[in-house]
$ cat query_38.pdb   # PDB, C-alpha atoms and all ligand atoms
ATOM      1  CA  MET A 643     197.898 164.860   3.978  1.00  0.00           C
ATOM      2  CA  SER A 644     194.728 162.801   4.460  1.00  0.00           C
ATOM      3  CA  ALA A 645     192.415 162.707   7.472  1.00  0.00           C
ATOM      4  CA  VAL A 646     193.323 160.091  10.097  1.00  0.00           C
ATOM      5  CA  ALA A 647     190.394 160.595  12.506  1.00  0.00           C
ATOM      6  CA  LYS A 648     187.331 162.706  13.184  1.00  0.00           C
ATOM      7  CA  LEU A 649     187.267 165.407  15.844  1.00  0.00           C
ATOM      8  CA  SER A 650     183.858 164.116  16.949  1.00  0.00           C
ATOM      9  CA  GLU A 651     185.493 160.761  17.862  1.00  0.00           C
ATOM     10  CA  ILE A 652     187.695 162.322  20.568  1.00  0.00           C
ATOM     11  CA  PRO A 653     185.825 164.085  23.387  1.00  0.00           C
ATOM     12  CA  ASN A 654     187.555 166.528  25.721  1.00  0.00           C
ATOM     13  CA  PHE A 655     190.328 164.677  27.637  1.00  0.00           C
ATOM     14  CA  GLY A 656     189.689 161.691  25.370  1.00  0.00           C
ATOM     15  CA  LYS A 657     192.311 159.777  23.392  1.00  0.00           C
ATOM     16  CA  LYS A 658     192.474 157.642  20.267  1.00  0.00           C
ATOM     17  CA  VAL A 659     195.305 155.489  18.921  1.00  0.00           C
ATOM     18  CA  ILE A 660     195.857 155.564  15.174  1.00  0.00           C
ATOM     19  CA  SER A 661     198.501 154.073  12.920  1.00  0.00           C
ATOM     20  CA  ILE A 662     200.305 156.120  10.285  1.00  0.00           C
ATOM     21  CA  SER A 663     202.771 154.333   8.015  1.00  0.00           C
ATOM     22  CA  GLY A 664     203.130 151.604  10.659  1.00  0.00           C
ATOM     23  CA  LYS A 665     203.799 154.052  13.503  1.00  0.00           C
ATOM     24  CA  GLU A 666     201.371 154.214  16.450  1.00  0.00           C
ATOM     25  CA  VAL A 667     200.283 157.766  17.187  1.00  0.00           C
ATOM     26  CA  LEU A 668     198.100 158.841  20.091  1.00  0.00           C
ATOM     27  CA  LEU A 669     195.620 161.660  19.472  1.00  0.00           C
ATOM     28  CA  VAL A 670     194.731 163.606  22.611  1.00  0.00           C
ATOM     29  CA  ASN A 671     192.018 166.172  23.218  1.00  0.00           C
ATOM     30  CA  SER A 672     193.111 168.587  25.938  1.00  0.00           C
ATOM     31  CA  GLY A 673     190.672 171.420  26.540  1.00  0.00           C
ATOM     32  CA  GLY A 674     189.296 171.149  23.022  1.00  0.00           C
ATOM     33  CA  LYS A 675     192.705 171.229  21.314  1.00  0.00           C
ATOM     34  CA  ILE A 676     193.974 168.118  19.543  1.00  0.00           C
ATOM     35  CA  TYR A 677     197.561 166.947  20.015  1.00  0.00           C
ATOM     36  CA  ALA A 678     199.375 164.044  18.384  1.00  0.00           C
ATOM     37  CA  VAL A 679     202.125 162.243  20.327  1.00  0.00           C
ATOM     38  CA  GLU A 680     204.070 159.027  19.948  1.00  0.00           C
ATOM     39  CA  ASN A 681     202.269 156.157  21.681  1.00  0.00           C
ATOM     40  CA  GLU A 682     205.415 154.975  23.434  1.00  0.00           C
ATOM     41  CA  CYS A 683     206.855 156.521  26.554  1.00  0.00           C
ATOM     42  CA  PRO A 684     210.480 157.666  26.062  1.00  0.00           C
ATOM     43  CA  HIS A 685     211.304 156.426  29.567  1.00  0.00           C
ATOM     44  CA  GLN A 686     210.761 152.666  29.313  1.00  0.00           C
ATOM     45  CA  GLY A 687     208.431 152.286  26.349  1.00  0.00           C
ATOM     46  CA  SER A 688     205.060 151.968  28.063  1.00  0.00           C
ATOM     47  CA  PRO A 689     202.080 152.619  25.755  1.00  0.00           C
ATOM     48  CA  MET A 690     200.736 156.122  26.384  1.00  0.00           C
ATOM     49  CA  ASN A 691     197.116 155.358  25.520  1.00  0.00           C
ATOM     50  CA  ALA A 692     196.318 154.599  29.194  1.00  0.00           C
ATOM     51  CA  SER A 693     197.814 157.933  30.242  1.00  0.00           C
ATOM     52  CA  ILE A 694     196.058 160.715  32.140  1.00  0.00           C
ATOM     53  CA  VAL A 695     195.692 164.120  30.477  1.00  0.00           C
ATOM     54  CA  LYS A 696     195.647 167.072  32.851  1.00  0.00           C
ATOM     55  CA  ASP A 697     196.742 170.724  32.918  1.00  0.00           C
ATOM     56  CA  GLY A 698     198.504 170.582  29.552  1.00  0.00           C
ATOM     57  CA  TYR A 699     200.458 167.445  30.416  1.00  0.00           C
ATOM     58  CA  ILE A 700     200.096 163.784  29.545  1.00  0.00           C
ATOM     59  CA  ALA A 701     201.182 161.461  32.366  1.00  0.00           C
ATOM     60  CA  CYS A 702     202.571 158.014  31.622  1.00  0.00           C
ATOM     61  CA  PRO A 703     200.584 155.297  33.430  1.00  0.00           C
ATOM     62  CA  ARG A 704     203.702 153.327  34.379  1.00  0.00           C
ATOM     63  CA  HIS A 705     205.914 155.642  36.457  1.00  0.00           C
ATOM     64  CA  GLY A 706     203.912 158.855  36.214  1.00  0.00           C
ATOM     65  CA  TYR A 707     206.343 160.985  34.178  1.00  0.00           C
ATOM     66  CA  ARG A 708     204.420 164.027  32.906  1.00  0.00           C
ATOM     67  CA  PHE A 709     205.146 165.250  29.383  1.00  0.00           C
ATOM     68  CA  SER A 710     204.203 168.715  28.149  1.00  0.00           C
ATOM     69  CA  LEU A 711     201.733 168.696  25.273  1.00  0.00           C
ATOM     70  CA  VAL A 712     203.432 171.866  23.980  1.00  0.00           C
ATOM     71  CA  ASP A 713     207.029 170.674  23.620  1.00  0.00           C
ATOM     72  CA  GLY A 714     206.997 167.042  24.833  1.00  0.00           C
ATOM     73  CA  ARG A 715     209.493 167.730  27.618  1.00  0.00           C
ATOM     74  CA  CYS A 716     209.136 165.758  30.840  1.00  0.00           C
ATOM     75  CA  ALA A 717     208.379 167.909  33.908  1.00  0.00           C
ATOM     76  CA  GLU A 718     210.280 165.594  36.269  1.00  0.00           C
ATOM     77  CA  HIS A 719     213.127 164.564  33.940  1.00  0.00           C
ATOM     78  CA  PRO A 720     213.623 167.248  31.230  1.00  0.00           C
ATOM     79  CA  GLU A 721     216.134 165.069  29.382  1.00  0.00           C
ATOM     80  CA  SER A 722     213.227 162.746  28.553  1.00  0.00           C
ATOM     81  CA  VAL A 723     211.127 164.062  25.646  1.00  0.00           C
ATOM     82  CA  LEU A 724     207.936 162.649  24.129  1.00  0.00           C
ATOM     83  CA  GLU A 725     207.759 163.088  20.355  1.00  0.00           C
ATOM     84  CA  LEU A 726     204.967 165.413  19.161  1.00  0.00           C
ATOM     85  CA  PHE A 727     203.566 165.724  15.660  1.00  0.00           C
ATOM     86  CA  GLN A 728     201.893 168.517  13.700  1.00  0.00           C
ATOM     87  CA  VAL A 729     198.079 168.367  13.740  1.00  0.00           C
ATOM     88  CA  THR A 730     195.825 170.072  11.198  1.00  0.00           C
ATOM     89  CA  LEU A 731     192.068 170.425  11.634  1.00  0.00           C
ATOM     90  CA  SER A 732     189.690 170.915   8.736  1.00  0.00           C
ATOM     91  CA  GLY A 733     186.112 170.881   9.921  1.00  0.00           C
ATOM     92  CA  ASP A 734     185.691 167.488  11.619  1.00  0.00           C
ATOM     93  CA  ASP A 735     188.782 166.019   9.936  1.00  0.00           C
ATOM     94  CA  ILE A 736     192.059 165.561  11.834  1.00  0.00           C
ATOM     95  CA  SER A 737     195.272 165.214   9.842  1.00  0.00           C
ATOM     96  CA  VAL A 738     198.720 164.476  11.260  1.00  0.00           C
ATOM     97  CA  GLU A 739     202.136 165.198   9.766  1.00  0.00           C
ATOM     98  CA  LEU A 740     204.634 162.574  10.943  1.00  0.00           C
ATOM     99  CA  ASN A 741     207.591 164.958  10.998  1.00  0.00           C
ATOM    100  CA  SER A 742     208.347 165.840  14.625  1.00  0.00           C
ATOM    101  CA  LEU A 743     207.522 169.350  15.811  1.00  0.00           C
TER     102      LEU A 743
HETATM  103  S1  LIG B 801     207.652 153.978  31.198  1.00  0.00           S
HETATM  104 FE1  LIG B 801     206.679 155.907  31.164  1.00  0.00          FE
HETATM  105  S2  LIG B 801     207.333 156.893  32.977  1.00  0.00           S
HETATM  106 FE2  LIG B 801     208.395 155.005  32.962  1.00  0.00          FE
END
$ encode --input "query_38.pdb" --output "structure tokens"
Amino acid sequence: MSAVAKLSEIPNFGKKVISISGKEVLLVNSGGKIYAVENECPHQGSPMNASIVKDGYIACPRHGYRFSLVDGRCAEHPESVLELFQVTLSGDDISVELNSL
């Protein structure tokens, strides 16, 4: 697993879009912890990179669905789930495993 970004590139509540094997992945810093999520809302496909990160949730900019950064489940519509990926930190290096959590 090789590094896809640097921790120093993503400040608290910051985001960065990366591409892994042709798939867009959004890295999110929430309270100093890095999460990796699909960059496409499971509701109607809006890009998540313009989302708002707050209180452990990432909110889609289009209709405001909030997805848990722990399990990807939508707070308003639990049947809607955002895909999350395994993140590994090694010093300043961020690595992402594309298998879903
Ligand atoms: S497209 Fe994301 S909430 Fe509708």
$ atom_distance --input "query_38.pdb" --atom1 "CA of Met690 in chain A" --atom2 "CA of Ser644 in chain A"
23.7 Å
$ residues_near_ligand --input "query_38.pdb" --ligand "ligand LIG 801 (chain B)" --cutoff "8 Å" --atoms "only C-alpha atoms and all ligand atoms" --output "JSON, numbers by chain"
{"A": [682, 683, 684, 685, 686, 687, 688, 689, 690, 701, 702, 703, 704, 705, 706, 707, 708]}
$ closest_atom_pairs --input "query_38.pdb" --of "range 679-722 of chain A" --to "range 649-666 of chain A" --cutoff "7 Å" --atoms "all atoms listed in the file" --output "Markdown table"
| residue | atom | partner | partner_atom | distance |
| --- | --- | --- | --- | --- |
| A:Glu680 | CA | A:Glu666 | CA | 6.5 |
| A:Asn681 | CA | A:Glu666 | CA | 5.7 |
| A:Asn691 | CA | A:Val659 | CA | 6.8 |
| A:Val695 | CA | A:Phe655 | CA | 6.1 |
$ closest_residue --input "query_38.pdb" --among "A:Gly714, A:Phe727, A:Gly698, A:Tyr677" --to "Glu739 in chain A" --atoms "only C-alpha atoms"
A:Phe727
$ residues_near_point --input "query_38.pdb" --point "(212.2, 162.6, 32.5)" --cutoff "9 Å" --atoms "only C-alpha atoms" --output "ChimeraX atom specification"
/A:684-685,707-709,715-723
$ closest_residue --input "query_38.pdb" --among "A:Val667, A:Ile694, A:Ala645, A:Tyr699" --to "Leu740 in chain A" --atoms "only C-alpha atoms"
A:Val667
$ closest_residue --input "query_38.pdb" --among "A:Val646, A:Val729, A:Leu668, A:Val712" --to "Asn741 in chain A" --atoms "all atoms listed in the file"
A:Val729
$ atom_distance --input "query_38.pdb" --atom1 "CA of Ile700 in chain A" --atom2 "CA of Gly733 in chain A"
25.1 Å
$ atom_distance --input "query_38.pdb" --atom1 "CA of Lys696 in chain A" --atom2 "CA of Ser710 in chain A"
9.9 Å
$ closest_residue --input "query_38.pdb" --among "A:Ser732, A:Lys648, A:Ser672, A:Ala692" --to "Leu711 in chain A" --atoms "all atoms listed in the file"
A:Ser672
$ build_atoms --input "query_38.pdb" --residues "range 720-733 of chain A" --atoms "N, CA and C atoms" --output "compact mmCIF listing (two decimals), in the coordinates of the input"
# COMPACT_ATOMS: atom_id res chain seq x y z
N PRO A 720 213.65 166.49 32.49
CA PRO A 720 213.62 167.25 31.23
C PRO A 720 214.44 166.62 30.10
N GLU A 721 215.35 165.72 30.44
CA GLU A 721 216.13 165.07 29.38
C GLU A 721 215.28 164.05 28.62
N SER A 722 214.14 163.70 29.17
CA SER A 722 213.23 162.75 28.55
C SER A 722 212.15 163.52 27.79
N VAL A 723 212.03 163.27 26.49
CA VAL A 723 211.13 164.06 25.65
C VAL A 723 210.23 163.14 24.83
N LEU A 724 208.93 163.38 24.90
CA LEU A 724 207.94 162.65 24.13
C LEU A 724 207.81 163.32 22.76
N GLU A 725 207.83 162.53 21.71
CA GLU A 725 207.76 163.09 20.36
C GLU A 725 206.34 163.59 20.07
N LEU A 726 206.26 164.81 19.54
CA LEU A 726 204.97 165.41 19.16
C LEU A 726 204.93 165.60 17.65
N PHE A 727 203.73 165.58 17.10
CA PHE A 727 203.57 165.72 15.66
C PHE A 727 202.58 166.85 15.35
N GLN A 728 202.74 167.42 14.14
CA GLN A 728 201.89 168.52 13.70
C GLN A 728 200.48 168.01 13.41
N VAL A 729 199.49 168.71 13.96
CA VAL A 729 198.08 168.37 13.74
C VAL A 729 197.41 169.48 12.94
N THR A 730 196.62 169.11 11.96
CA THR A 730 195.82 170.07 11.20
C THR A 730 194.36 169.67 11.29
N LEU A 731 193.51 170.66 11.59
CA LEU A 731 192.07 170.42 11.63
C LEU A 731 191.41 171.08 10.44
N SER A 732 190.48 170.35 9.82
CA SER A 732 189.69 170.92 8.74
C SER A 732 188.26 170.44 8.96
N GLY A 733 187.45 171.30 9.54
CA GLY A 733 186.11 170.88 9.92
C GLY A 733 186.21 169.79 10.97
